[in-house]
>>> print(open('run-v2.pdb').read())   # PDB, C-alpha atoms
ATOM      1  CA  MET H   1     161.815  78.567 112.827
ATOM      2  CA  THR H   2     165.271  77.283 112.013
ATOM      3  CA  SER H   3     167.465  74.339 112.800
ATOM      4  CA  GLN H   4     171.213  74.066 112.336
ATOM      5  CA  THR H   5     173.629  71.144 112.072
ATOM      6  CA  PRO H   6     177.407  70.962 112.521
ATOM      7  CA  ASP H   7     179.811  71.740 109.684
ATOM      8  CA  GLN H   8     180.084  69.113 106.983
ATOM      9  CA  THR H   9     183.331  67.148 106.828
ATOM     10  CA  PRO H  10     185.020  66.731 103.419
ATOM     11  CA  ASP H  11     184.154  63.038 103.021
ATOM     12  CA  GLN H  12     180.416  63.547 103.515
ATOM     13  CA  THR H  13     177.885  63.907 100.722
ATOM     14  CA  PRO H  14     176.475  67.442 100.995
ATOM     15  CA  ASP H  15     172.936  67.775 102.301
ATOM     16  CA  ALA H  16     170.825  70.888 101.858
ATOM     17  CA  ALA H  17     169.375  70.253 105.313
ATOM     18  CA  ALA H  18     172.685  71.506 106.752
ATOM     19  CA  SER H  19     171.607  75.022 105.779
ATOM     20  CA  GLY H  20     168.766  74.972 108.317
ATOM     21  CA  THR H  21     165.075  75.382 107.599
ATOM     22  CA  TRP H  22     162.425  78.069 107.240
ATOM     23  CA  LYS H  23     158.674  77.947 106.724
ATOM     24  CA  LEU H  24     156.981  79.521 103.727
ATOM     25  CA  GLY H  25     153.595  79.722 105.381
ATOM     26  CA  ASP H  26     152.998  76.126 106.447
ATOM     27  CA  LEU H  27     155.568  74.708 104.004
ATOM     28  CA  GLU H  28     158.962  73.957 105.564
ATOM     29  CA  VAL H  29     161.958  74.169 103.235
ATOM     30  CA  ASN H  30     165.704  73.818 103.557
ATOM     31  CA  ARG H  31     167.276  77.240 103.264
ATOM     32  CA  LEU H  32     169.564  76.130 100.412
ATOM     33  CA  GLY H  33     167.325  75.658  97.382
ATOM     34  CA  PHE H  34     167.647  75.630  93.593
ATOM     35  CA  GLY H  35     166.809  78.192  90.916
ATOM     36  CA  ALA H  36     165.781  76.882  87.500
ATOM     37  CA  MET H  37     166.438  79.989  85.379
ATOM     38  CA  ARG H  38     169.798  78.828  84.010
ATOM     39  CA  LEU H  39     168.677  75.241  83.440
ATOM     40  CA  THR H  40     167.259  75.617  79.924
ATOM     41  CA  GLN H  41     170.172  77.011  77.904
ATOM     42  CA  ASN H  42     173.934  77.184  77.628
ATOM     43  CA  GLY H  43     175.296  80.625  78.418
ATOM     44  CA  PRO H  44     173.382  83.658  79.656
ATOM     45  CA  ALA H  45     169.703  83.253  80.430
ATOM     46  CA  PHE H  46     167.305  84.784  77.901
ATOM     47  CA  ALA H  47     170.098  85.472  75.383
ATOM     48  CA  PRO H  48     168.752  85.524  71.805
ATOM     49  CA  GLY H  49     169.809  82.409  69.950
ATOM     50  CA  ALA H  50     171.054  80.645  73.094
ATOM     51  CA  ALA H  51     171.790  76.976  72.527
ATOM     52  CA  PRO H  52     169.354  74.714  74.399
ATOM     53  CA  SER H  53     170.792  72.785  77.316
ATOM     54  CA  ASP H  54     171.345  69.046  77.151
ATOM     55  CA  ARG H  55     167.965  67.636  78.187
ATOM     56  CA  GLY H  56     169.306  64.542  79.925
ATOM     57  CA  ARG H  57     171.870  66.519  81.865
ATOM     58  CA  ALA H  58     169.288  69.067  83.011
ATOM     59  CA  ILE H  59     166.944  66.332  84.189
ATOM     60  CA  GLY H  60     169.858  64.670  85.968
ATOM     61  CA  VAL H  61     170.746  67.914  87.766
ATOM     62  CA  LEU H  62     167.173  68.288  89.046
ATOM     63  CA  ARG H  63     167.032  64.726  90.300
ATOM     64  CA  ARG H  64     170.435  65.052  91.927
ATOM     65  CA  ALA H  65     169.358  68.280  93.636
ATOM     66  CA  VAL H  66     166.482  66.452  95.314
ATOM     67  CA  GLU H  67     168.814  63.595  96.260
ATOM     68  CA  LEU H  68     171.039  66.187  97.971
ATOM     69  CA  GLY H  69     168.150  67.421 100.095
ATOM     70  CA  VAL H  70     166.945  70.372  98.036
ATOM     71  CA  ASN H  71     163.205  70.732  98.613
ATOM     72  CA  HIS H  72     162.671  74.293  97.374
ATOM     73  CA  ILE H  73     162.821  74.936  93.620
ATOM     74  CA  ASP H  74     162.232  78.346  92.063
ATOM     75  CA  THR H  75     160.914  78.479  88.494
ATOM     76  CA  ALA H  76     158.612  80.344  86.088
ATOM     77  CA  ALA H  77     156.761  79.682  82.852
ATOM     78  CA  PHE H  78     158.912  82.359  81.159
ATOM     79  CA  TYR H  79     162.075  80.368  81.911
ATOM     80  CA  PHE H  80     162.556  78.759  78.526
ATOM     81  CA  SER H  81     164.932  78.585  75.590
ATOM     82  CA  PRO H  82     164.496  76.997  72.159
ATOM     83  CA  LEU H  83     163.345  73.392  72.836
ATOM     84  CA  ARG H  84     163.587  73.667  76.643
ATOM     85  CA  SER H  85     161.144  74.763  79.353
ATOM     86  CA  ALA H  86     162.188  74.852  83.007
ATOM     87  CA  ASN H  87     158.709  73.843  84.150
ATOM     88  CA  GLU H  88     158.566  70.926  81.721
ATOM     89  CA  LEU H  89     162.018  69.746  82.806
ATOM     90  CA  ILE H  90     160.937  69.887  86.461
ATOM     91  CA  ASN H  91     157.754  67.952  85.669
ATOM     92  CA  THR H  92     159.623  65.284  83.711
ATOM     93  CA  ALA H  93     162.416  64.950  86.263
ATOM     94  CA  LEU H  94     160.471  64.990  89.505
ATOM     95  CA  ALA H  95     156.808  64.056  89.022
ATOM     96  CA  PRO H  96     155.212  62.454  90.909
ATOM     97  CA  TYR H  97     156.583  65.095  93.235
ATOM     98  CA  PRO H  98     158.023  64.279  96.674
ATOM     99  CA  ASP H  99     155.631  65.268  99.459
ATOM    100  CA  ASP H 100     158.111  67.766 100.919
ATOM    101  CA  LEU H 101     159.034  69.470  97.636
ATOM    102  CA  VAL H 102     157.973  73.125  97.422
ATOM    103  CA  ILE H 103     157.887  74.668  93.952
ATOM    104  CA  THR H 104     157.814  78.460  93.825
ATOM    105  CA  THR H 105     156.782  80.110  90.579
ATOM    106  CA  LYS H 106     156.474  83.729  89.535
ATOM    107  CA  VAL H 107     154.046  85.596  87.320
ATOM    108  CA  GLY H 108     153.921  89.066  85.852
ATOM    109  CA  PRO H 109     156.471  88.906  83.019
ATOM    110  CA  GLY H 110     155.509  87.186  79.798
ATOM    111  CA  ARG H 111     157.510  86.076  76.774
ATOM    112  CA  ALA H 112     156.527  85.416  73.212
ATOM    113  CA  LEU H 113     157.389  82.000  71.791
ATOM    114  CA  SER H 114     160.177  83.728  69.871
ATOM    115  CA  GLY H 115     161.712  84.749  73.213
ATOM    116  CA  GLU H 116     160.965  88.471  73.355
ATOM    117  CA  PHE H 117     159.620  89.779  76.637
ATOM    118  CA  LEU H 118     156.074  91.125  76.549
ATOM    119  CA  PRO H 119     154.519  93.875  78.668
ATOM    120  CA  HIS H 120     153.858  92.664  82.188
ATOM    121  CA  ALA H 121     150.523  90.978  82.723
ATOM    122  CA  THR H 122     147.450  92.964  83.635
ATOM    123  CA  PRO H 123     145.333  91.769  86.567
ATOM    124  CA  GLY H 124     143.039  90.013  84.099
ATOM    125  CA  GLN H 125     145.957  88.192  82.454
ATOM    126  CA  LEU H 126     147.467  86.824  85.661
ATOM    127  CA  ARG H 127     145.023  83.928  85.873
ATOM    128  CA  GLY H 128     146.178  82.715  82.469
ATOM    129  CA  GLN H 129     149.798  82.815  83.643
ATOM    130  CA  VAL H 130     148.913  80.875  86.794
ATOM    131  CA  GLU H 131     147.041  78.284  84.741
ATOM    132  CA  GLU H 132     149.997  77.948  82.353
ATOM    133  CA  ASN H 133     152.297  77.182  85.282
ATOM    134  CA  LEU H 134     149.792  74.629  86.573
ATOM    135  CA  ARG H 135     149.617  72.937  83.173
ATOM    136  CA  GLN H 136     153.367  72.844  82.618
ATOM    137  CA  LEU H 137     154.115  71.556  86.106
ATOM    138  CA  GLY H 138     151.249  69.066  86.114
ATOM    139  CA  ARG H 139     149.828  70.411  89.376
ATOM    140  CA  ASP H 140     146.324  71.202  90.591
ATOM    141  CA  HIS H 141     147.641  74.058  92.723
ATOM    142  CA  LEU H 142     150.849  76.088  93.013
ATOM    143  CA  ASP H 143     152.733  76.061  96.312
ATOM    144  CA  VAL H 144     153.986  79.661  96.190
ATOM    145  CA  VAL H 145     153.421  82.303  93.513
ATOM    146  CA  ASN H 146     155.504  85.479  93.469
ATOM    147  CA  LEU H 147     154.174  88.565  91.755
ATOM    148  CA  ARG H 148     157.171  89.967  89.873
ATOM    149  CA  ILE H 149     156.983  93.649  89.073
ATOM    150  CA  VAL H 150     158.997  96.442  87.486
ATOM    151  CA  GLY H 151     158.714 100.008  88.687
ATOM    152  CA  THR H 152     157.132 101.786  91.625
ATOM    153  CA  ASP H 153     153.432 101.799  90.685
ATOM    154  CA  SER H 154     150.779 100.371  92.976
ATOM    155  CA  ILE H 155     150.499  96.580  92.947
ATOM    156  CA  ALA H 156     147.150  96.425  94.754
ATOM    157  CA  GLU H 157     145.054  95.451  91.738
ATOM    158  CA  ARG H 158     147.498  92.798  90.509
ATOM    159  CA  PHE H 159     148.169  91.337  93.937
ATOM    160  CA  GLY H 160     144.439  91.373  94.626
ATOM    161  CA  ALA H 161     143.868  89.254  91.511
ATOM    162  CA  LEU H 162     146.335  86.666  92.826
ATOM    163  CA  ALA H 163     144.721  86.791  96.260
ATOM    164  CA  GLU H 164     141.419  85.823  94.597
ATOM    165  CA  LEU H 165     143.137  82.834  92.953
ATOM    166  CA  ARG H 166     144.512  81.892  96.365
ATOM    167  CA  GLN H 167     141.004  81.981  97.783
ATOM    168  CA  ALA H 168     139.869  79.781  94.884
ATOM    169  CA  GLY H 169     142.496  77.157  95.800
ATOM    170  CA  LEU H 170     144.773  77.534  92.771
ATOM    171  CA  ILE H 171     147.563  79.052  94.891
ATOM    172  CA  ARG H 172     148.599  78.077  98.416
ATOM    173  CA  HIS H 173     150.830  81.027  99.347
ATOM    174  CA  LEU H 174     151.790  84.385  97.840
ATOM    175  CA  GLY H 175     155.069  86.261  97.572
ATOM    176  CA  LEU H 176     156.612  89.260  95.828
ATOM    177  CA  SER H 177     159.600  89.761  93.549
ATOM    178  CA  ASN H 178     161.643  92.868  92.666
ATOM    179  CA  VAL H 179     159.698  95.094  95.042
ATOM    180  CA  LEU H 180     160.137  98.031  97.413
ATOM    181  CA  PRO H 181     159.099  98.142 101.090
ATOM    182  CA  GLY H 182     155.983 100.105 100.167
ATOM    183  CA  HIS H 183     154.878  97.301  97.866
ATOM    184  CA  LEU H 184     155.196  94.806 100.694
ATOM    185  CA  ALA H 185     153.042  96.930 102.993
ATOM    186  CA  GLU H 186     150.474  97.342 100.221
ATOM    187  CA  ALA H 187     150.343  93.597  99.561
ATOM    188  CA  ARG H 188     150.132  92.603 103.238
ATOM    189  CA  ALA H 189     147.000  94.733 103.569
ATOM    190  CA  ILE H 190     145.390  92.447 100.973
ATOM    191  CA  ALA H 191     146.678  88.938 101.784
ATOM    192  CA  PRO H 192     149.534  87.235 103.687
ATOM    193  CA  VAL H 193     152.990  87.411 102.064
ATOM    194  CA  VAL H 194     155.395  84.533 102.784
ATOM    195  CA  CYS H 195     158.472  85.692 100.835
ATOM    196  CA  VAL H 196     160.184  88.591  99.103
ATOM    197  CA  GLN H 197     162.531  87.748  96.236
ATOM    198  CA  ASN H 198     164.886  90.637  95.431
ATOM    199  CA  LEU H 199     168.321  91.317  93.971
ATOM    200  CA  TYR H 200     170.763  90.981  96.853
ATOM    201  CA  GLY H 201     174.307  89.894  97.522
ATOM    202  CA  LEU H 202     177.653  90.969  98.905
ATOM    203  CA  GLY H 203     177.908  94.744  98.555
ATOM    204  CA  ALA H 204     174.157  95.364  98.746
ATOM    205  CA  ALA H 205     173.046  98.946  99.296
ATOM    206  CA  PRO H 206     171.996 100.042 102.817
ATOM    207  CA  GLU H 207     168.340 100.235 101.794
ATOM    208  CA  GLN H 208     168.472  96.596 100.685
ATOM    209  CA  GLU H 209     169.984  95.593 104.017
ATOM    210  CA  ALA H 210     167.206  97.473 105.792
ATOM    211  CA  PHE H 211     164.526  95.742 103.708
ATOM    212  CA  LEU H 212     166.062  92.345 104.510
ATOM    213  CA  ARG H 213     165.839  93.153 108.226
ATOM    214  CA  THR H 214     162.246  94.354 107.867
ATOM    215  CA  CYS H 215     161.253  91.060 106.294
ATOM    216  CA  GLY H 216     162.858  89.158 109.155
ATOM    217  CA  GLU H 217     161.005  91.234 111.736
ATOM    218  CA  GLN H 218     157.736  90.375 109.971
ATOM    219  CA  GLY H 219     158.512  86.658 109.678
ATOM    220  CA  ILE H 220     158.809  86.856 105.887
ATOM    221  CA  ALA H 221     161.461  84.911 103.980
ATOM    222  CA  TYR H 222     163.950  87.018 102.048
ATOM    223  CA  VAL H 223     165.085  85.169  98.916
ATOM    224  CA  PRO H 224     167.965  86.838  97.043
ATOM    225  CA  PHE H 225     168.437  86.365  93.324
ATOM    226  CA  TYR H 226     171.871  86.845  91.715
ATOM    227  CA  SER H 227     173.537  86.325  95.099
ATOM    228  CA  ILE H 228     176.498  84.751  93.262
ATOM    229  CA  ALA H 229     176.394  86.571  89.908
ATOM    230  CA  GLY H 230     175.944  90.045  91.365
ATOM    231  CA  THR H 231     176.137  92.642  88.610
ATOM    232  CA  GLY H 232     176.648  89.826  86.097
ATOM    233  CA  ARG H 233     172.934  89.027  86.521
ATOM    234  CA  GLU H 234     171.693  86.674  83.764
ATOM    235  CA  ALA H 235     175.203  86.257  82.348
ATOM    236  CA  GLY H 236     176.520  84.865  85.628
ATOM    237  CA  ALA H 237     179.552  85.782  87.705
ATOM    238  CA  SER H 238     182.403  87.377  85.808
ATOM    239  CA  GLY H 239     185.467  89.542  86.332
ATOM    240  CA  ALA H 240     187.998  89.672  89.140
ATOM    241  CA  GLU H 241     186.913  88.529  92.587
ATOM    242  CA  HIS H 242     187.501  90.581  95.730
ATOM    243  CA  PRO H 243     190.735  89.601  97.501
ATOM    244  CA  GLU H 244     188.840  89.282 100.783
ATOM    245  CA  VAL H 245     186.405  86.786  99.265
ATOM    246  CA  LEU H 246     189.290  84.766  97.837
ATOM    247  CA  ALA H 247     191.067  84.777 101.204
ATOM    248  CA  VAL H 248     188.029  83.386 103.014
ATOM    249  CA  ALA H 249     187.512  80.842 100.233
ATOM    250  CA  ARG H 250     191.097  79.600 100.562
ATOM    251  CA  ALA H 251     190.730  79.306 104.331
ATOM    252  CA  HIS H 252     187.725  77.021 103.876
ATOM    253  CA  GLY H 253     189.056  75.162 100.861
ATOM    254  CA  VAL H 254     186.162  76.146  98.611
ATOM    255  CA  GLY H 255     185.470  78.510  95.726
ATOM    256  CA  ALA H 256     184.361  82.128  95.846
ATOM    257  CA  ALA H 257     180.801  81.228  94.791
ATOM    258  CA  GLU H 258     180.347  78.985  97.817
ATOM    259  CA  ILE H 259     181.571  81.761 100.121
ATOM    260  CA  ARG H 260     179.098  84.210  98.605
ATOM    261  CA  LEU H 261     176.297  81.700  99.177
ATOM    262  CA  ALA H 262     177.401  81.038 102.743
ATOM    263  CA  TRP H 263     177.576  84.786 103.414
ATOM    264  CA  THR H 264     174.024  85.131 102.098
ATOM    265  CA  LEU H 265     172.743  82.445 104.465
ATOM    266  CA  HIS H 266     174.508  84.141 107.379
ATOM    267  CA  ARG H 267     172.466  87.320 106.872
ATOM    268  CA  GLY H 268     169.593  85.936 108.929
ATOM    269  CA  PRO H 269     167.629  82.754 109.627
ATOM    270  CA  HIS H 270     164.881  83.978 107.288
ATOM    271  CA  VAL H 271     167.242  84.362 104.307
ATOM    272  CA  LEU H 272     167.030  81.590 101.697
ATOM    273  CA  ALA H 273     169.345  80.882  98.754
ATOM    274  CA  ILE H 274     168.300  79.621  95.323
ATOM    275  CA  PRO H 275     171.507  79.269  93.254
ATOM    276  CA  GLY H 276     170.919  77.850  89.812
ATOM    277  CA  THR H 277     173.115  75.798  87.517
ATOM    278  CA  GLY H 278     173.002  73.185  84.794
ATOM    279  CA  ASN H 279     176.347  71.756  85.907
ATOM    280  CA  PRO H 280     176.194  68.783  88.315
ATOM    281  CA  ASP H 281     179.571  69.657  89.878
ATOM    282  CA  HIS H 282     178.476  73.235  90.535
ATOM    283  CA  LEU H 283     175.254  71.881  92.042
ATOM    284  CA  THR H 284     177.190  69.771  94.536
ATOM    285  CA  ALA H 285     179.402  72.718  95.474
ATOM    286  CA  ASN H 286     176.386  74.997  95.905
ATOM    287  CA  VAL H 287     174.628  72.543  98.204
ATOM    288  CA  ALA H 288     177.828  72.050 100.202
ATOM    289  CA  ALA H 289     177.932  75.820 100.789
ATOM    290  CA  GLY H 290     174.918  75.409 103.037
ATOM    291  CA  SER H 291     177.082  73.628 105.619
ATOM    292  CA  LEU H 292     179.831  76.295 105.730
ATOM    293  CA  ARG H 293     180.056  78.112 109.037
ATOM    294  CA  LEU H 294     181.756  81.483 108.705
ATOM    295  CA  SER H 295     183.598  82.921 111.696
ATOM    296  CA  ALA H 296     183.266  86.473 112.961
ATOM    297  CA  GLU H 297     186.634  87.189 111.331
ATOM    298  CA  ASP H 298     185.412  85.738 108.021
ATOM    299  CA  LEU H 299     182.296  87.869 108.133
ATOM    300  CA  ALA H 300     184.266  90.999 108.960
ATOM    301  CA  LEU H 301     186.517  90.417 105.943
ATOM    302  CA  LEU H 302     183.552  89.817 103.662
ATOM    303  CA  ASP H 303     181.716  92.854 104.972
ATOM    304  CA  SER H 304     184.784  94.971 104.186
ATOM    305  CA  ALA H 305     184.702  93.596 100.639
ATOM    306  CA  GLY H 306     181.044  94.525 100.427
ATOM    307  CA  ARG H 307     181.705  98.081 101.555
ATOM    308  CA  SER H 308     184.362  98.495  98.865
ATOM    309  CA  ALA H 309     182.137  97.097  96.116
TER     310      ALA H 309
END
>>> encode(input="run-v2.pdb", output="C-alpha cells")
Amino acid sequence: MTSQTPDQTPDQTPDAAASGTWKLGDLEVNRLGFGAMRLTQNGPAFAPGAAPSDRGRAIGVLRRAVELGVNHIDTAAFYFSPLRSANELINTALAPYPDDLVITTKVGPGRALSGEFLPHATPGQLRGQVEENLRQLGRDHLDVVNLRIVGTDSIAERFGALAELRQAGLIRHLGLSNVLPGHLAEARAIAPVVCVQNLYGLGAAPEQEAFLRTCGEQGIAYVPFYSIAGTGREAGASGAEHPEVLAVARAHGVGAAEIRLAWTLHRGPHVLAIPGTGNPDHLTANVAAGSLRLSAEDLALLDSAGRSA
C-alpha cells in the first residue's frame, strides 16, 4: 500500500509525496498531511479569549500545503476561534477542491458559539454535526468522518448512526478518534473502519504501541494527534527536549519537531502524520520531515529517549 522515494536534498522544494502513501478505503493520501486545529487562533487551541489568526496568512498556509503535495487535511466544525472557522478557511482557500484532496472531519464534540464545549452528541444529534460540516466545507459528502469519543462506554449506537449516514451517501468512509481497542472491534462489527486517530508520539505507553500494531495488522491507518506537542497538547510543544532527540536533529540538520514527525512515520507504513501550524515556515519544515530517513542508530537513540520519557 505504500511507496517510498529517496531522501530529499537541501536544495529541493519539499514534497509530501516523499512520505509515501496509504489508502483510506479507496482514497489514496500522502502519509504527511495537515491538521487544521491550530489554524484559527494565535496561541493554544480552544483557549478562552484567543486572538483570531490572520485570515490571509491562514489561507496562504492552506494553499501552500496543497502546493507542497499535502492531500490529506484533518479538520472539524468545532475547530474555531472568534471570527475564524477551520472549515470555512479550508473552503475559501481550496474550493473548488483538487480531485485528490481528502478532507477528514470528526464529530462527537460540540461547542457553543461562545467557545465552551458541550456534552458529546447523542446518536440523534450526529446527523446535524455531519450536515454542519457539509455546509461549512461546501461539500455534498464527507470523505472521512471520525467519531470522537471520551470514556469507555459502548459506541455501537453512535457509530451505527454514522453508518446509516454512510449508507445514505453523506459519508464515504468512517474512522474513530480517542478510542480503545474494544471500541475498534465494536465499530468494525457495524461498518468498515479506515482509520484510528489517537494520542501518540515518542514515549507512548506499551498499550498504545500494541494498538498501533493491531491497526496495521487489520489494514487500518493509525493517525497520531499531538505527535509533536506530546504532553503540551493544545498548547503545543514546550519545555526541554530530550538530548537524544536533539542529537539526531543535529545529525540531520533539522529541528526536533521534524525528527519527532519522522520517527512517527517510521512506526509503520500505515501510520500517517497530520501536524498543524499557522506558520508557513513551520509548514515547510513539517512537510520536509516526510523525506527524512532515520537510520537504525537514529531509531535506537530515539527509542531510548522514549523509554526515559
>>> axis_aligned_box(input="run-v2.pdb", around="range 46-65 of chain H", padding_each_side="5 Å", output="lines of an AutoDock Vina configuration file")
center_x = 169.4
center_y = 75.0
center_z = 81.8
size_x = 14.9
size_y = 31.0
size_z = 33.7
>>> residues_around(input="run-v2.pdb", residues="range 48-60 of chain H", least_positions_apart="6", cutoff="10 Å", atoms="only C-alpha atoms", output="PyMOL selection string")
chain H and resi 36+38-42+80-86+88-94+114-116+277-280
>>> residues_around(input="run-v2.pdb", residues="Leu301 in chain H", least_positions_apart="2", cutoff="8 Å", atoms="only C-alpha atoms", output="MDAnalysis selection string")
chainID H and resid 244:245 248 297:299 303:305
>>> residues_near_point(input="run-v2.pdb", point="(151.3, 89.9, 85.9)", cutoff="12 Å", atoms="all atoms listed in the file", output="PyMOL selection string")
chain H and resi 77-78+106-111+118-130+145-150+155-162+176-177
>>> closest_residue(input="run-v2.pdb", among="H:Leu24, H:Ala204, H:Ala251, H:Ala273", to="Val70 in chain H", atoms="all atoms listed in the file")
H:Ala273
>>> residues_around(input="run-v2.pdb", residues="Ser19 in chain H", least_positions_apart="4", cutoff="12 Å", atoms="all atoms listed in the file", output="ChimeraX atom specification")
/H:2-8,14-15,29-33,68-71,261-266,268-274,286-293
>>> atom_distance(input="run-v2.pdb", atom1="CA of Glu217 in chain H", atom2="CA of Gly276 in chain H")
27.5 Å
>>> closest_residue(input="run-v2.pdb", among="H:Leu212, H:Val254, H:Ala17, H:Val194", to="Pro181 in chain H", atoms="all atoms listed in the file")
H:Leu212
>>> closest_residue(input="run-v2.pdb", among="H:Leu170, H:Val179, H:Leu113, H:Leu302", to="Ala249 in chain H", atoms="only C-alpha atoms")
H:Leu302
>>> atom_distance(input="run-v2.pdb", atom1="CA of His252 in chain H", atom2="CA of His72 in chain H")
26.0 Å
